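*Asks:* Hey, dropping query_36.pdb in here, PDB, C-alpha atoms and all ligand atoms:
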ATOM      1  CA  MET Q 240      98.954  93.609 109.245
ATOM      2  CA  ARG Q 241     102.079  95.736 109.309
ATOM      3  CA  VAL Q 242     102.878  97.920 106.320
ATOM      4  CA  VAL Q 243     106.523  98.866 105.813
ATOM      5  CA  ALA Q 244     107.760 101.149 103.039
ATOM      6  CA  VAL Q 245     111.302 100.423 101.905
ATOM      7  CA  MET Q 246     112.666 103.630 100.475
ATOM      8  CA  ASN Q 247     115.635 105.804  99.704
ATOM      9  CA  TYR Q 248     116.081 108.576  97.126
ATOM     10  CA  LYS Q 249     119.105 106.792  95.849
ATOM     11  CA  GLY Q 250     118.958 103.862  93.474
ATOM     12  CA  GLY Q 251     121.341 100.937  93.706
ATOM     13  CA  VAL Q 252     121.484 100.953  97.509
ATOM     14  CA  GLY Q 253     119.950  97.509  97.964
ATOM     15  CA  LYS Q 254     116.267  98.374  98.457
ATOM     16  CA  THR Q 255     114.955  95.637  96.230
ATOM     17  CA  THR Q 256     117.449  93.047  97.448
ATOM     18  CA  LEU Q 257     116.477  93.796 101.038
ATOM     19  CA  THR Q 258     112.743  93.732 100.287
ATOM     20  CA  ALA Q 259     112.899  90.393  98.454
ATOM     21  CA  ASN Q 260     115.103  88.695 101.043
ATOM     22  CA  LEU Q 261     113.360  90.085 104.098
ATOM     23  CA  GLY Q 262     110.031  89.043 102.625
ATOM     24  CA  ALA Q 263     111.334  85.557 101.900
ATOM     25  CA  VAL Q 264     112.850  85.099 105.355
ATOM     26  CA  ALA Q 265     109.655  86.348 107.024
ATOM     27  CA  ALA Q 266     107.581  83.937 104.935
ATOM     28  CA  ALA Q 267     109.966  81.067 105.747
ATOM     29  CA  ARG Q 268     109.273  81.858 109.406
ATOM     30  CA  GLY Q 269     105.600  81.206 108.799
ATOM     31  CA  LEU Q 270     104.365  84.733 108.127
ATOM     32  CA  LYS Q 271     101.989  85.732 105.358
ATOM     33  CA  VAL Q 272     103.806  88.368 103.366
ATOM     34  CA  LEU Q 273     102.736  90.617 100.517
ATOM     35  CA  LEU Q 274     105.402  92.384  98.464
ATOM     36  CA  LEU Q 275     104.270  95.436  96.580
ATOM     37  CA  ASP Q 276     106.535  96.585  93.758
ATOM     38  CA  LEU Q 277     106.057 100.337  93.275
ATOM     39  CA  ASP Q 278     109.253 100.894  91.327
ATOM     40  CA  PRO Q 279     108.761 101.227  87.550
ATOM     41  CA  GLN Q 280     112.119  99.494  87.186
ATOM     42  CA  THR Q 281     110.208  96.357  88.175
ATOM     43  CA  ASN Q 282     113.272  94.684  89.709
ATOM     44  CA  LEU Q 283     111.382  93.212  92.654
ATOM     45  CA  THR Q 284     108.916  91.610  90.268
ATOM     46  CA  PHE Q 285     111.771  90.149  88.223
ATOM     47  CA  SER Q 286     113.238  88.665  91.380
ATOM     48  CA  PHE Q 287     110.286  86.265  91.329
ATOM     49  CA  TYR Q 288     109.204  86.044  87.689
ATOM     50  CA  SER Q 289     111.222  85.776  84.517
ATOM     51  CA  VAL Q 290     110.718  88.598  82.049
ATOM     52  CA  GLU Q 291     108.962  86.128  79.714
ATOM     53  CA  ASP Q 292     106.556  84.959  82.410
ATOM     54  CA  TRP Q 293     105.805  88.541  83.386
ATOM     55  CA  GLN Q 294     105.129  89.463  79.763
ATOM     56  CA  ASP Q 295     102.908  86.473  79.142
ATOM     57  CA  ARG Q 296     100.990  86.394  82.397
ATOM     58  CA  LEU Q 297     101.137  89.692  84.230
ATOM     59  CA  LYS Q 298     102.026  92.613  81.999
ATOM     60  CA  ASP Q 299      98.627  93.350  80.480
ATOM     61  CA  ASP Q 300      96.310  93.239  83.432
ATOM     62  CA  ARG Q 301      98.052  92.206  86.623
ATOM     63  CA  THR Q 302     100.378  95.038  87.493
ATOM     64  CA  ILE Q 303     100.068  97.968  89.867
ATOM     65  CA  LYS Q 304     100.050 100.309  86.860
ATOM     66  CA  ARG Q 305      96.480  99.223  86.153
ATOM     67  CA  TRP Q 306      95.479 100.155  89.662
ATOM     68  CA  TYR Q 307      97.007 103.628  89.619
ATOM     69  CA  GLU Q 308      95.814 104.530  86.141
ATOM     70  CA  GLY Q 309      92.364 105.848  85.333
ATOM     71  CA  ASP Q 310      90.476 108.673  86.997
ATOM     72  CA  MET Q 311      91.309 107.706  90.534
ATOM     73  CA  PRO Q 312      93.487 104.792  91.697
ATOM     74  CA  GLY Q 313      91.444 101.672  92.211
ATOM     75  CA  ARG Q 314      88.397 102.815  90.316
ATOM     76  CA  ASP Q 315      88.954 100.365  87.454
ATOM     77  CA  VAL Q 316      90.277  97.367  89.353
ATOM     78  CA  PRO Q 317      90.436  96.406  93.041
ATOM     79  CA  LEU Q 318      93.984  96.150  94.417
ATOM     80  CA  GLY Q 319      93.359  92.592  95.585
ATOM     81  CA  ASP Q 320      92.742  91.436  91.996
ATOM     82  CA  LEU Q 321      96.391  92.141  91.208
ATOM     83  CA  ILE Q 322      97.866  89.793  93.802
ATOM     84  CA  VAL Q 323      99.860  86.881  92.393
ATOM     85  CA  THR Q 324     101.583  84.003  94.173
ATOM     86  CA  PRO Q 325     104.992  83.268  92.623
ATOM     87  CA  GLU Q 326     105.226  79.488  92.356
ATOM     88  CA  ARG Q 327     108.900  78.739  92.758
ATOM     89  CA  VAL Q 328     109.353  80.500  96.038
ATOM     90  CA  ASN Q 329     106.021  79.351  97.479
ATOM     91  CA  LYS Q 330     106.814  75.735  96.725
ATOM     92  CA  LEU Q 331     109.659  76.046  99.209
ATOM     93  CA  LEU Q 332     107.288  77.461 101.805
ATOM     94  CA  ASP Q 333     104.963  74.466 101.835
ATOM     95  CA  ASP Q 334     105.949  73.183 105.267
ATOM     96  CA  THR Q 335     106.274  76.540 106.945
ATOM     97  CA  GLY Q 336     102.705  77.831 106.869
ATOM     98  CA  GLY Q 337     104.105  81.015 105.359
ATOM     99  CA  ARG Q 338     103.212  82.618 102.048
ATOM    100  CA  LEU Q 339     104.851  85.151  99.771
ATOM    101  CA  ASP Q 340     102.538  87.074  97.461
ATOM    102  CA  LEU Q 341     103.364  89.894  95.103
ATOM    103  CA  ILE Q 342     101.779  92.763  93.273
ATOM    104  CA  SER Q 343     103.988  93.365  90.279
ATOM    105  CA  SER Q 344     105.110  96.609  88.719
ATOM    106  CA  HIS Q 345     105.360  97.941  85.178
ATOM    107  CA  LEU Q 346     107.727 100.360  83.443
ATOM    108  CA  GLY Q 347     104.708 102.456  82.444
ATOM    109  CA  LEU Q 348     104.225 103.428  86.085
ATOM    110  CA  ILE Q 349     106.620 106.326  85.429
ATOM    111  CA  ASP Q 350     104.039 108.054  83.238
ATOM    112  CA  ILE Q 351     101.192 107.266  85.596
ATOM    113  CA  ASP Q 352     103.126 108.894  88.427
ATOM    114  CA  LEU Q 353     103.320 112.152  86.468
ATOM    115  CA  GLU Q 354      99.677 111.957  85.418
ATOM    116  CA  LEU Q 355      98.591 111.403  89.004
ATOM    117  CA  ALA Q 356     100.430 114.494  90.181
ATOM    118  CA  ALA Q 357      98.640 116.497  87.490
ATOM    119  CA  LYS Q 358      95.308 115.492  89.047
ATOM    120  CA  LEU Q 359      96.053 117.388  92.227
ATOM    121  CA  GLY Q 360      94.301 120.694  92.600
ATOM    122  CA  GLY Q 361      90.663 121.643  92.403
ATOM    123  CA  THR Q 362      88.347 124.560  91.858
ATOM    124  CA  THR Q 363      87.884 125.326  95.558
ATOM    125  CA  ILE Q 364      90.158 124.977  98.573
ATOM    126  CA  GLY Q 365      87.862 122.309  99.936
ATOM    127  CA  SER Q 366      87.855 120.239  96.777
ATOM    128  CA  SER Q 367      91.603 120.485  96.334
ATOM    129  CA  LYS Q 368      92.148 119.306  99.919
ATOM    130  CA  ARG Q 369      89.782 116.432  99.312
ATOM    131  CA  LYS Q 370      91.657 115.547  96.109
ATOM    132  CA  PHE Q 371      94.946 115.666  97.993
ATOM    133  CA  LEU Q 372      93.638 113.294 100.652
ATOM    134  CA  ASP Q 373      92.018 110.919  98.173
ATOM    135  CA  LEU Q 374      95.110 110.675  95.990
ATOM    136  CA  HIS Q 375      97.717 110.454  98.730
ATOM    137  CA  GLY Q 376      95.538 108.188 100.852
ATOM    138  CA  CYS Q 377      94.529 105.828  98.023
ATOM    139  CA  LEU Q 378      96.882 102.975  98.891
ATOM    140  CA  ARG Q 379      96.184 103.304 102.608
ATOM    141  CA  ASN Q 380      92.459 103.078 101.930
ATOM    142  CA  ALA Q 381      92.841 100.102  99.588
ATOM    143  CA  LEU Q 382      94.882  98.165 102.152
ATOM    144  CA  GLN Q 383      92.023  98.450 104.670
ATOM    145  CA  ASP Q 384      90.126  95.916 102.603
ATOM    146  CA  SER Q 385      89.463  92.736 104.546
ATOM    147  CA  GLN Q 386      91.434  90.499 102.188
ATOM    148  CA  PHE Q 387      94.645  92.309 103.144
ATOM    149  CA  GLN Q 388      94.061  91.724 106.854
ATOM    150  CA  ASP Q 389      95.241  88.130 106.340
ATOM    151  CA  TYR Q 390      98.764  89.363 105.704
ATOM    152  CA  ASP Q 391     101.130  89.737 108.623
ATOM    153  CA  LEU Q 392     103.468  91.961 106.673
ATOM    154  CA  VAL Q 393     103.235  94.139 103.575
ATOM    155  CA  LEU Q 394     106.601  95.336 102.247
ATOM    156  CA  VAL Q 395     106.491  98.127  99.690
ATOM    157  CA  ASP Q 396     109.531  98.526  97.441
ATOM    158  CA  CYS Q 397     109.505 102.215  96.470
ATOM    159  CA  ALA Q 398     111.061 103.950  93.479
ATOM    160  CA  PRO Q 399     114.111 106.115  94.241
ATOM    161  CA  ASN Q 400     112.123 109.366  94.130
ATOM    162  CA  PHE Q 401     109.487 111.246  96.082
ATOM    163  CA  GLY Q 402     106.815 111.204  93.391
ATOM    164  CA  LEU Q 403     103.150 110.767  94.140
ATOM    165  CA  VAL Q 404     103.270 106.967  93.964
ATOM    166  CA  THR Q 405     106.041 106.891  96.580
ATOM    167  CA  LYS Q 406     104.027 109.324  98.694
ATOM    168  CA  THR Q 407     101.033 106.985  98.636
ATOM    169  CA  ALA Q 408     103.344 104.340 100.148
ATOM    170  CA  ILE Q 409     104.516 106.685 102.905
ATOM    171  CA  VAL Q 410     100.909 107.554 103.736
ATOM    172  CA  ALA Q 411      99.971 103.858 103.700
ATOM    173  CA  CYS Q 412     102.760 102.600 105.924
ATOM    174  CA  GLU Q 413     103.345 102.418 109.631
ATOM    175  CA  GLN Q 414     107.096 102.138 109.359
ATOM    176  CA  ILE Q 415     109.779 103.244 106.922
ATOM    177  CA  LEU Q 416     112.892 101.191 106.365
ATOM    178  CA  VAL Q 417     115.785 102.961 104.672
ATOM    179  CA  PRO Q 418     118.504 100.850 103.067
ATOM    180  CA  ALA Q 419     121.640 102.924 102.550
ATOM    181  CA  LYS Q 420     125.247 102.431 101.592
ATOM    182  CA  ALA Q 421     127.788 103.654 104.093
ATOM    183  CA  ASP Q 422     129.233 106.368 101.887
ATOM    184  CA  TYR Q 423     129.162 110.136 101.722
ATOM    185  CA  LEU Q 424     126.340 110.678  99.219
ATOM    186  CA  SER Q 425     124.048 108.020 100.678
ATOM    187  CA  THR Q 426     124.308 109.282 104.225
ATOM    188  CA  LEU Q 427     123.979 112.912 103.143
ATOM    189  CA  GLY Q 428     120.447 112.392 101.868
ATOM    190  CA  LEU Q 429     119.023 110.752 104.989
ATOM    191  CA  ASP Q 430     117.963 113.858 106.892
ATOM    192  CA  TYR Q 431     116.500 115.317 103.722
ATOM    193  CA  LEU Q 432     114.418 112.174 103.322
ATOM    194  CA  TYR Q 433     113.355 112.405 106.968
ATOM    195  CA  GLY Q 434     112.316 116.037 106.523
ATOM    196  CA  ASN Q 435     110.328 115.367 103.379
ATOM    197  CA  CYS Q 436     108.461 112.468 104.958
ATOM    198  CA  ALA Q 437     107.699 114.552 108.043
ATOM    199  CA  SER Q 438     106.344 117.392 105.879
ATOM    200  CA  LEU Q 439     104.146 115.022 103.917
ATOM    201  CA  VAL Q 440     102.722 113.492 107.091
ATOM    202  CA  GLN Q 441     102.050 116.911 108.571
ATOM    203  CA  GLU Q 442     100.369 118.194 105.424
ATOM    204  CA  PHE Q 443      98.224 115.085 105.134
ATOM    205  CA  ASN Q 444      97.116 115.266 108.763
ATOM    206  CA  ASP Q 445      96.428 119.018 108.587
ATOM    207  CA  TYR Q 446      94.181 118.430 105.591
ATOM    208  CA  ALA Q 447      92.591 115.418 107.239
ATOM    209  CA  ASN Q 448      91.807 117.458 110.365
ATOM    210  CA  HIS Q 449      90.515 120.529 108.608
ATOM    211  CA  GLY Q 450      89.364 119.295 105.268
ATOM    212  CA  GLY Q 451      86.789 116.693 106.149
ATOM    213  CA  GLY Q 452      88.974 113.901 107.460
ATOM    214  CA  THR Q 453      86.198 111.490 108.183
ATOM    215  CA  GLU Q 454      88.131 108.268 107.664
ATOM    216  CA  GLU Q 455      88.707 106.337 110.861
ATOM    217  CA  HIS Q 456      92.234 105.302 109.868
ATOM    218  CA  TRP Q 457      93.412 108.923 109.865
ATOM    219  CA  PRO Q 458      95.520 110.682 111.127
ATOM    220  CA  ILE Q 459      98.594 108.893 109.918
ATOM    221  CA  GLU Q 460     101.777 108.437 111.919
ATOM    222  CA  PRO Q 461     104.440 106.520 109.994
ATOM    223  CA  SER Q 462     107.719 106.356 111.822
ATOM    224  CA  PHE Q 463     111.256 105.457 110.831
ATOM    225  CA  LEU Q 464     112.107 101.885 111.659
ATOM    226  CA  GLY Q 465     115.609 102.880 110.709
ATOM    227  CA  VAL Q 466     118.493 102.837 108.305
ATOM    228  CA  VAL Q 467     119.806  99.444 107.279
ATOM    229  CA  PHE Q 468     123.353  99.756 106.053
ATOM    230  CA  THR Q 469     123.813  97.541 103.023
ATOM    231  CA  MET Q 470     126.773  96.319 101.000
ATOM    232  CA  VAL Q 471     128.932  96.898 104.052
ATOM    233  CA  GLN Q 472     132.578  95.965 103.489
ATOM    234  CA  ILE Q 473     133.859  93.605 106.124
ATOM    235  CA  TYR Q 474     137.503  92.585 106.462
ATOM    236  CA  SER Q 475     138.742  90.361 109.264
ATOM    237  CA  GLN Q 476     135.263  90.506 110.819
ATOM    238  CA  GLN Q 477     135.393  94.303 110.993
ATOM    239  CA  VAL Q 478     133.616  97.041 109.095
ATOM    240  CA  THR Q 479     136.241  99.073 107.216
ATOM    241  CA  LEU Q 480     137.333 102.246 108.951
ATOM    242  CA  ALA Q 481     135.883 104.559 106.311
ATOM    243  CA  GLN Q 482     132.461 102.920 106.383
ATOM    244  CA  HIS Q 483     132.493 102.760 110.164
ATOM    245  CA  GLY Q 484     132.973 106.542 110.128
ATOM    246  CA  TYR Q 485     129.912 107.115 107.956
ATOM    247  CA  ILE Q 486     127.789 104.752 110.023
ATOM    248  CA  GLU Q 487     128.802 106.486 113.269
ATOM    249  CA  GLU Q 488     128.128 109.881 111.738
ATOM    250  CA  VAL Q 489     124.539 108.840 110.979
ATOM    251  CA  ARG Q 490     124.124 107.126 114.320
ATOM    252  CA  LEU Q 491     125.222 110.222 116.226
ATOM    253  CA  ASN Q 492     123.891 113.040 114.108
ATOM    254  CA  SER Q 493     120.939 111.903 112.018
ATOM    255  CA  ARG Q 494     117.300 112.037 113.022
ATOM    256  CA  VAL Q 495     116.822 108.614 111.433
ATOM    257  CA  PRO Q 496     117.697 105.765 113.800
ATOM    258  CA  VAL Q 497     120.235 103.152 112.672
ATOM    259  CA  LEU Q 498     119.512  99.446 112.921
ATOM    260  CA  GLU Q 499     122.012  97.373 114.823
ATOM    261  CA  ASN Q 500     122.337  94.744 112.074
ATOM    262  CA  LYS Q 501     123.671  95.308 108.579
ATOM    263  CA  VAL Q 502     123.791  93.575 105.232
ATOM    264  CA  ARG Q 503     127.346  92.974 104.197
ATOM    265  CA  ASN Q 504     128.655  93.266 100.678
ATOM    266  CA  SER Q 505     128.517  89.800  99.204
ATOM    267  CA  PRO Q 506     128.175  89.565  95.442
ATOM    268  CA  ARG Q 507     128.200  85.791  95.835
ATOM    269  CA  HIS Q 508     124.935  85.929  97.774
ATOM    270  CA  PHE Q 509     123.230  89.082  96.549
ATOM    271  CA  GLY Q 510     124.902  89.809  93.233
ATOM    272  CA  ASP Q 511     122.472  88.118  90.892
ATOM    273  CA  ALA Q 512     119.383  89.843  92.352
ATOM    274  CA  GLY Q 513     117.407  86.630  92.654
ATOM    275  CA  GLU Q 514     117.651  85.421  89.107
ATOM    276  CA  SER Q 515     116.465  81.969  90.054
ATOM    277  CA  GLY Q 516     113.113  83.265  91.323
ATOM    278  CA  ILE Q 517     114.168  82.502  94.864
ATOM    279  CA  PRO Q 518     115.801  85.172  97.029
ATOM    280  CA  ALA Q 519     119.340  84.293  98.099
ATOM    281  CA  MET Q 520     118.612  84.107 101.812
ATOM    282  CA  MET Q 521     116.056  81.422 101.143
ATOM    283  CA  ARG Q 522     118.163  79.490  98.675
ATOM    284  CA  ALA Q 523     121.031  79.496 101.108
ATOM    285  CA  SER Q 524     119.078  78.406 104.136
ATOM    286  CA  ALA Q 525     120.347  74.833 103.935
ATOM    287  CA  ALA Q 526     123.915  75.981 104.401
ATOM    288  CA  LYS Q 527     123.853  78.740 106.985
ATOM    289  CA  ASP Q 528     127.048  80.660 106.472
ATOM    290  CA  GLU Q 529     127.941  83.907 108.221
ATOM    291  CA  VAL Q 530     126.118  86.069 105.665
ATOM    292  CA  VAL Q 531     122.906  84.111 106.119
ATOM    293  CA  ARG Q 532     123.195  84.184 109.904
ATOM    294  CA  GLU Q 533     123.809  87.911 109.776
ATOM    295  CA  PHE Q 534     120.716  88.414 107.642
ATOM    296  CA  ASP Q 535     118.733  86.271 110.058
ATOM    297  CA  ARG Q 536     119.736  88.603 112.874
ATOM    298  CA  LEU Q 537     118.635  91.585 110.807
ATOM    299  CA  ALA Q 538     115.293  89.861 110.207
ATOM    300  CA  ASP Q 539     115.033  89.218 113.971
ATOM    301  CA  GLU Q 540     115.601  92.895 114.615
ATOM    302  CA  VAL Q 541     113.133  94.147 111.985
ATOM    303  CA  LEU Q 542     110.390  91.620 112.683
ATOM    304  CA  GLY Q 543     110.929  92.075 116.416
ATOM    305  CA  ALA Q 544     110.471  95.833 116.100
ATOM    306  CA  LEU Q 545     107.260  95.131 114.177
ATOM    307  CA  GLU Q 546     106.164  92.643 116.847
ATOM    308  CA  LEU Q 547     105.976  89.920 114.223
ATOM    309  CA  THR Q 548     107.942  87.280 116.019
ATOM    310  CA  GLY Q 549     105.102  84.802 116.340
ATOM    311  CA  GLY Q 550     105.918  82.902 113.140
ATOM    312  CA  ALA Q 551     107.202  79.326 113.109
ATOM    313  CA  ARG Q 552     110.999  79.286 113.109
TER     314      ARG Q 552
HETATM  315  N1  LIG Q 601     124.605  93.086 100.058
HETATM  316  C1  LIG Q 601     124.924  93.093  98.768
HETATM  317  N2  LIG Q 601     126.117  92.607  98.331
HETATM  318  C2  LIG Q 601     126.437  92.611  97.031
HETATM  319  N3  LIG Q 601     125.651  93.074  96.051
HETATM  320  C3  LIG Q 601     124.450  93.569  96.400
HETATM  321  C4  LIG Q 601     124.009  93.600  97.767
HETATM  322  N4  LIG Q 601     122.769  94.144  97.797
HETATM  323  C5  LIG Q 601     122.435  94.428  96.522
HETATM  324  N5  LIG Q 601     123.434  94.098  95.672
HETATM  325  C6  LIG Q 601     123.450  94.281  94.217
HETATM  326  O1  LIG Q 601     123.495  95.685  93.974
HETATM  327  C7  LIG Q 601     122.653  96.060  92.906
HETATM  328  C8  LIG Q 601     121.612  97.062  93.389
HETATM  329  O2  LIG Q 601     120.775  96.451  94.357
HETATM  330  P1  LIG Q 601     119.222  96.701  94.381
HETATM  331  O3  LIG Q 601     118.667  95.905  95.506
HETATM  332  O4  LIG Q 601     118.627  96.463  93.037
HETATM  333  O5  LIG Q 601     119.180  98.249  94.737
HETATM  334  P2  LIG Q 601     117.959  99.300  94.624
HETATM  335  O6  LIG Q 601     116.685  98.561  94.700
HETATM  336  O7  LIG Q 601     118.180 100.217  95.791
HETATM  337  O8  LIG Q 601     118.157 100.016  93.323
HETATM  338  C9  LIG Q 601     122.049  94.769  92.393
HETATM  339  O9  LIG Q 601     122.791  94.325  91.292
HETATM  340  C10 LIG Q 601     122.181  93.807  93.540
HETATM  341  O10 LIG Q 601     122.317  92.474  93.085
HETATM  342 MG    MG Q 602     115.111  98.558  93.307
END
Using the file provided, produce a representation of the structure as structure tokens.

*Replies:*
Amino acid sequence: MRVVAVMNYKGGVGKTTLTANLGAVAAARGLKVLLLDLDPQTNLTFSFYSVEDWQDRLKDDRTIKRWYEGDMPGRDVPLGDLIVTPERVNKLLDDTGGRLDLISSHLGLIDIDLELAAKLGGTTIGSSKRKFLDLHGCLRNALQDSQFQDYDLVLVDCAPNFGLVTKTAIVACEQILVPAKADYLSTLGLDYLYGNCASLVQEFNDYANHGGGTEEHWPIEPSFLGVVFTMVQIYSQQVTLAQHGYIEEVRLNSRVPVLENKVRNSPRHFGDAGESGIPAMMRASAAKDEVVREFDRLADEVLGALELTGGAR
């Protein structure tokens, strides 16, 4: 099982679109994929379920909000109980051996995030370190459960912030994938993101080493799989000069590596954010145009880096 957090402080950079499509392509290649929607905006969930279906079937007791709420995440309900298998997309996976499961989100996760942060602290240094480890490590611990070992890939769609819920995803993951637009503000934040993740990892491991880190799956060492440039403008088969400049700037000067492959701007493919319940790259697979082939190469690169190339193709 490989756990990848998809994150960026900025919203609207294509995180959810990338998560849904990468998950779908991986599943179509025969992999067992779990998508975890940790963004209260719930867009990843609505890429697979209509709002009505979510309200009727998931909202009350099958969202990640239920897992994070309560005294300590997971105390009221095991994470595995929240897994759902969206029908429409899985019907298309019948012949592939792949599967695409989801744990859905909920708008109320915003409040839970704040409540969780308020639980940090303790009466002694020892107990506050323990609390820190338990809270930040909660998702990592839950994913050790044997039922998750069946998954080849877990993709976590994070909220555009560095709240406690996002931090649990960083602690849980092995790799971080950072979708970004090739513009000034998006590229500016990348080193800041890198620094904040590095500080979190260091703090967690310091506490784990000195504060009773008995768990065998500590210390943690998530690394940056890289930046995926999204919504890239291509004219005459070339990235526009301005965007090329931003991409080169990150490639040369940022501590976050840059993936070779990009997602181009294509409202025709990605504009409706999966309204049909089937991510665009899966819908389009019958007619492989340049955008689909490009996305396939990105999937090759990401899954290759994760050593997940064994699926049926
Ligand atoms: N490659 C793309 N080309 C065109 N539109 C895109 C592309 N990727 C995402 N979009 C659109 O941009 C908006 C933001 O994308 P989204 O994936 O929801 O971003 P985030 O999760 O980072 O907030 C959505 O309306 C989505 O349909
Ligand atoms: Mg999103």

*Asks:* Please evaluate the PyMOL selection byres (((chain Q and resi 244) around 9) and not hetatm) against the displayed coordinates and give the resulting residues as a ChimeraX atom specification.

*Replies:* /Q:242-243,245-246,393-397,405,408-409,411-417

*Asks:* Calculated over only C-alpha atoms, which of the candidates Q:Ile517, Q:Leu346, Q:Met470, Q:Leu270 has the smallest distance to Arg305 (chain Q)?

*Replies:* Q:Leu346

*Asks:* Counting all atoms listed in the file, which residue out of Q:Asp445, Q:Asp528, Q:Glu540, Q:Glu533 sits closest to Leu464 (chain Q)?

*Replies:*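 Looking at the shortest contact to Leu464 (chain Q), the residue is Q:Glu540.
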
*Asks:* On this file, the PyMOL selection byres (((not hetatm)) within 6 of (chain Q and resi 601)) gives some set of residues; write that set as a list in words.

*Replies:* Gly250, Gly251, Val252, Gly253, Lys254, Thr255, Thr256, Thr469, Met470, Val502, Arg503, Asn504, Ser505, Pro506, Phe509, Gly510, Asp511 and Ala512 of chain Q

*Asks:* Within 8 Å of region 312-316 of chain Q, counting only C-alpha atoms, which residues qualify if same-chain residues fewer than 6 places away don't, as an mmCIF file with C-alpha atoms, in the coordinates of the input?

*Replies:*
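That gives us out_12.cif:
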data_model
loop_
_atom_site.group_PDB
_atom_site.id
_atom_site.type_symbol
_atom_site.label_atom_id
_atom_site.label_comp_id
_atom_site.auth_asym_id
_atom_site.auth_seq_id
_atom_site.Cartn_x
_atom_site.Cartn_y
_atom_site.Cartn_z
ATOM 1 C CA ARG Q 305 96.480 99.223 86.153
ATOM 2 C CA TRP Q 306 95.479 100.155 89.662
ATOM 3 C CA LEU Q 374 95.110 110.675 95.990
ATOM 4 C CA CYS Q 377 94.529 105.828 98.023
ATOM 5 C CA ALA Q 381 92.841 100.102 99.588
#

*Asks:* Q:Ala481, Q:Ile349, Q:Leu537, Q:Ala267: which is nearest Asp422 (chain Q), counting only C-alpha atoms?

*Replies:*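 Answer, going by the shortest atom-to-atom distance: Q:Ala481.
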
*Asks:* Using only C-alpha atoms, collect all residues at a distance of at most 6 Å from (99.2, 118.5, 100.4) as written in the file, then present them as JSON, numbers by chain.

*Replies:* {"Q": [371, 442, 443]}

*Asks:* Would you mind telling me which residue in Q:Lys249, Q:His508, Q:Lys271, Q:Arg241 lies nearest to ligand MG 602 (chain Q) when using all atoms listed in the file?

*Replies:*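 So, comparing all the options, the nearest one is Q:Lys249.
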
*Asks:* For CA of Asn500 (chain Q) and CA of Lys420 (chain Q), quote the distance in Å rounded to one decimal.

*Replies:* 13.3 Å

*Asks:* Output, as AutoDock Vina command-line options, the centre and edge lengths in Å (one decimal) of the axis-aligned box that contains all listed atoms of region 310-323 of chain Q with 4 Å of margin on each side.

*Replies:*
--center_x 94.1 --center_y 97.8 --center_z 91.3 --size_x 19.5 --size_y 29.8 --size_z 16.6

*Asks:* Kindly add N, CA and C atoms to the incomplete region 328-339 of chain Q and provide the output as a CSV table (one decimal), in the coordinates of the input.

*Replies:*
chain,number,residue,atom,x,y,z
Q,328,VAL,N,109.0,80.2,94.7
Q,328,VAL,CA,109.4,80.5,96.0
Q,328,VAL,C,108.3,79.9,97.0
Q,329,ASN,N,107.1,79.9,96.6
Q,329,ASN,CA,106.0,79.4,97.5
Q,329,ASN,C,106.1,77.8,97.6
Q,330,LYS,N,106.6,77.2,96.6
Q,330,LYS,CA,106.8,75.7,96.7
Q,330,LYS,C,107.7,75.4,97.9
Q,331,LEU,N,108.7,76.3,98.1
Q,331,LEU,CA,109.7,76.0,99.2
Q,331,LEU,C,109.0,76.4,100.6
Q,332,LEU,N,107.9,77.0,100.5
Q,332,LEU,CA,107.3,77.5,101.8
Q,332,LEU,C,106.2,76.5,102.3
Q,333,ASP,N,106.0,75.4,101.5
Q,333,ASP,CA,105.0,74.5,101.8
Q,333,ASP,C,104.8,74.1,103.3
Q,334,ASP,N,106.0,73.7,103.9
Q,334,ASP,CA,105.9,73.2,105.3
Q,334,ASP,C,105.9,74.2,106.3
Q,335,THR,N,106.1,75.5,105.9
Q,335,THR,CA,106.3,76.5,106.9
Q,335,THR,C,105.0,77.2,107.4
Q,336,GLY,N,103.9,77.1,106.6
Q,336,GLY,CA,102.7,77.8,106.9
Q,336,GLY,C,102.8,79.3,106.4
Q,337,GLY,N,103.9,79.7,105.9
Q,337,GLY,CA,104.1,81.0,105.4
Q,337,GLY,C,103.7,81.1,103.9
Q,338,ARG,N,103.5,82.4,103.5
Q,338,ARG,CA,103.2,82.6,102.0
Q,338,ARG,C,103.9,83.9,101.6
Q,339,LEU,N,104.2,83.9,100.3
Q,339,LEU,CA,104.9,85.2,99.8
Q,339,LEU,C,104.1,85.5,98.5
